[in-house]
Amino acid sequence: MQSAEDRLISILKENNIDFISSLPCDRIKFLLERIKKEFSHIPLTREEEGVGISAGISMAGKKPAMFVQSSGIGNMINALLSLTGFYELPLPIFISQRGIYKEGIAAQLPMGQKLPGILKGAGIPYSIISTPDDLNIVEKNLPDVFKKNEMHAFLLSPAVFEGICDTALAAPTCPIRGWSVDETQKPFPKYTRYEMLDIIKKELNAKVVVCNLGVPSKELYEIHHQPSNFYMLGSMGMATPIGLGISLASKQEVIVIDGDGSLLMNPGTLAVAAHFNPDNLKIFAVDNSSYGSTGEQSTLTGSCVDLALLAKGFGVGNVIKAAGKKQLIDAIKEPAGGLKFIHALARPGNAKVPNIPLDHLDVKKGVVEFILP
Ligand SMILES: Cc1ncc(C[n+]2csc(CCOP(=O)(O)OP(=O)(O)O)c2C)c(N)n1
């Protein structure tokens with residue numbers, strides 16, 4: 001019998017889809033790996049840009065499709081309405097709908113569960129795909145998207161692909177990068193994110209630590225839990241903005257542990273941070289060239305983006321690359337007299353750590369009581 005993945009891929013092929021852009025979700029990681037091999041694939045840094053890229057593709061006479069997580073719709077809605085809908089451009093959007101089936105991350109519930117209502121309110125047609133048999137609905141509705149120049153959201157329940165396990169999922173290779181801000185130091189990734197956090201843990205003591213969502217937060221909880229750690233459970237791309245806000249509004253020393261995928265989703269925040277140049281803020285950007293939490297899909301820091309140069313370009317004065325133990329500790333320890341951006345070059349890989357056993361409101365309470373005792 002044909003697997004749900006095979007079925008969906010053949011429907012996409014029968015409809016002559018030319019380009020598929022995506023930003024990963026853990027629940028469709030095996031499907032995404034197949035898509036990358038079988039279609040012209042466009043890796044995104046933010047879901048919204050996929051809407052623009054798809055508009056360009058369809059105006060050039062080709063057929064686009066997008067694969068995103070339900071949370072990504074929050075990043076797309078304006079472009080979907082004022083570009084795709086307004087100009088009557090076709091766009092099928094396949095959405096991994098979180099928060100509705102065996103969900104382990106509470107922060108996925110608000111957006112995932114409200115998604116049908118949001119789409120309804122926005123006037124975006126959608127279909128609910130709850131089981132592999134429901135892929136018939138995709139088969140029926142997809143041709144109309146291109147015939148009628150419409151957008152259509154297909155809400156894919158994690159149940160559709162449950163149990164699918166592709167042993168061929170490629171692990172990202174450790175990036176070898178030629179670039180360097182300072183040519184005298186050419187650091188090479190040595191440690192995983194977990195090992196890095198372990199190396200710098202003492203320097204986090206009694207500071208406000210805002211930590212990137214997903215596995216980074218779980219690893220930090222396991223390695224160095226303290227009430228002043230703000231563990232993000234959702235809102236990808238918000239670690240640096242949250243840390244900036246705390247640093248501007250308080251005298252606390254703030255360390256943001258961010259990730260390459262998340263920084264690329266919201267890079268403009270580095271310009272805002274550079275503008276204020278707070279001397280109580282350090283951004284420790286763990287660059288493992290992958291979306292570690294969702295299956296280690298490669299990010300563009302492995303091919304073309306140098307986060308240190310990006311930070312410099314946005315006006316951050318104190319930028320350092322670090323990969324070795326001493327470099328990492330010195331970088332986080334030494335004051336910079338202004339905003340400091342540490343480009344921490346990491347190897348891909350996640351530690352096997354459990355979910356954080358704290359209620360999200362208790363996480364907030366711990367941080368607030370630390371800032372305002
Ligand atoms: C808007 C949005 N899109 C996609 C996701 C799914 N997602 C959760 S964590 C993550 C990867 C984050 O990667 P990175 O910041 O590089 O951190 P790493 O896990 O690699 O350390 C993704 C894509 C999400 N939560 N929100």
# chains A, B, ... in the order shown; residues from 1 in each chain; ligands from 1
$ residues_near_ligand --ligand "ligand 1" --cutoff "8 Å" --atoms "only C-alpha atoms and all ligand atoms" --output "MDAnalysis selection string"
chainID A and resid 23:26 46:47 68:75 108 193 212:216 234:237 258:263 286:294 296 299 348 350
$ select_by_dssp --residues "segment 39-243 of chain A" --states "strand (DSSP E or B)" --output "ChimeraX atom specification"
/A:40-43,64-69,91-96,126-129,151-156,191-192,208-211,229-231
$ select_by_dssp --residues "segment 123-297 of chain A" --states "alpha helix (DSSP H)" --output "number ranges by chain"
A: 135-147, 193-200, 215-224, 239-249, 260-265, 269-276
$ closest_residue --among "A:Gly50, A:Pro143, A:Pro227, A:Gly349" --to "Asn16 of chain A" --atoms "only C-alpha atoms"
A:Pro143
$ atom_distance --atom1 "atom CA of Leu91 of chain A" --atom2 "atom CA of Ala65 of chain A"
6.0 Å
$ residues_around --residues "Cys211 of chain A" --least-positions-apart "6" --cutoff "12 Å" --atoms "only C-alpha atoms" --output "PyMOL selection string"
chain A and resi 197+204+217-221+224-225+228-243+254-259+262+283-286+363
$ residues_around --residues "Ser130 of chain A" --least-positions-apart "3" --cutoff "12 Å" --atoms "only C-alpha atoms" --output "PyMOL selection string"
chain A and resi 4+95-98+100-101+127+133-138+154-162
$ closest_residue --among "A:Gly245, A:Pro92, A:Gly117, A:Gly366" --to "Pro278 of chain A" --atoms "only C-alpha atoms"
A:Gly245
$ closest_residue --among "A:Val316, A:Ile128, A:Leu80, A:Ile200" --to "Glu48 of chain A" --atoms "only C-alpha atoms"
A:Leu80
$ closest_residue --among "A:Val367, A:Phe39, A:Pro125, A:Ser250" --to "Asp144 of chain A" --atoms "only C-alpha atoms"
A:Pro125
$ atom_distance --atom1 "atom CA of Lys340 of chain A" --atom2 "atom CA of Ala249 of chain A"
17.6 Å
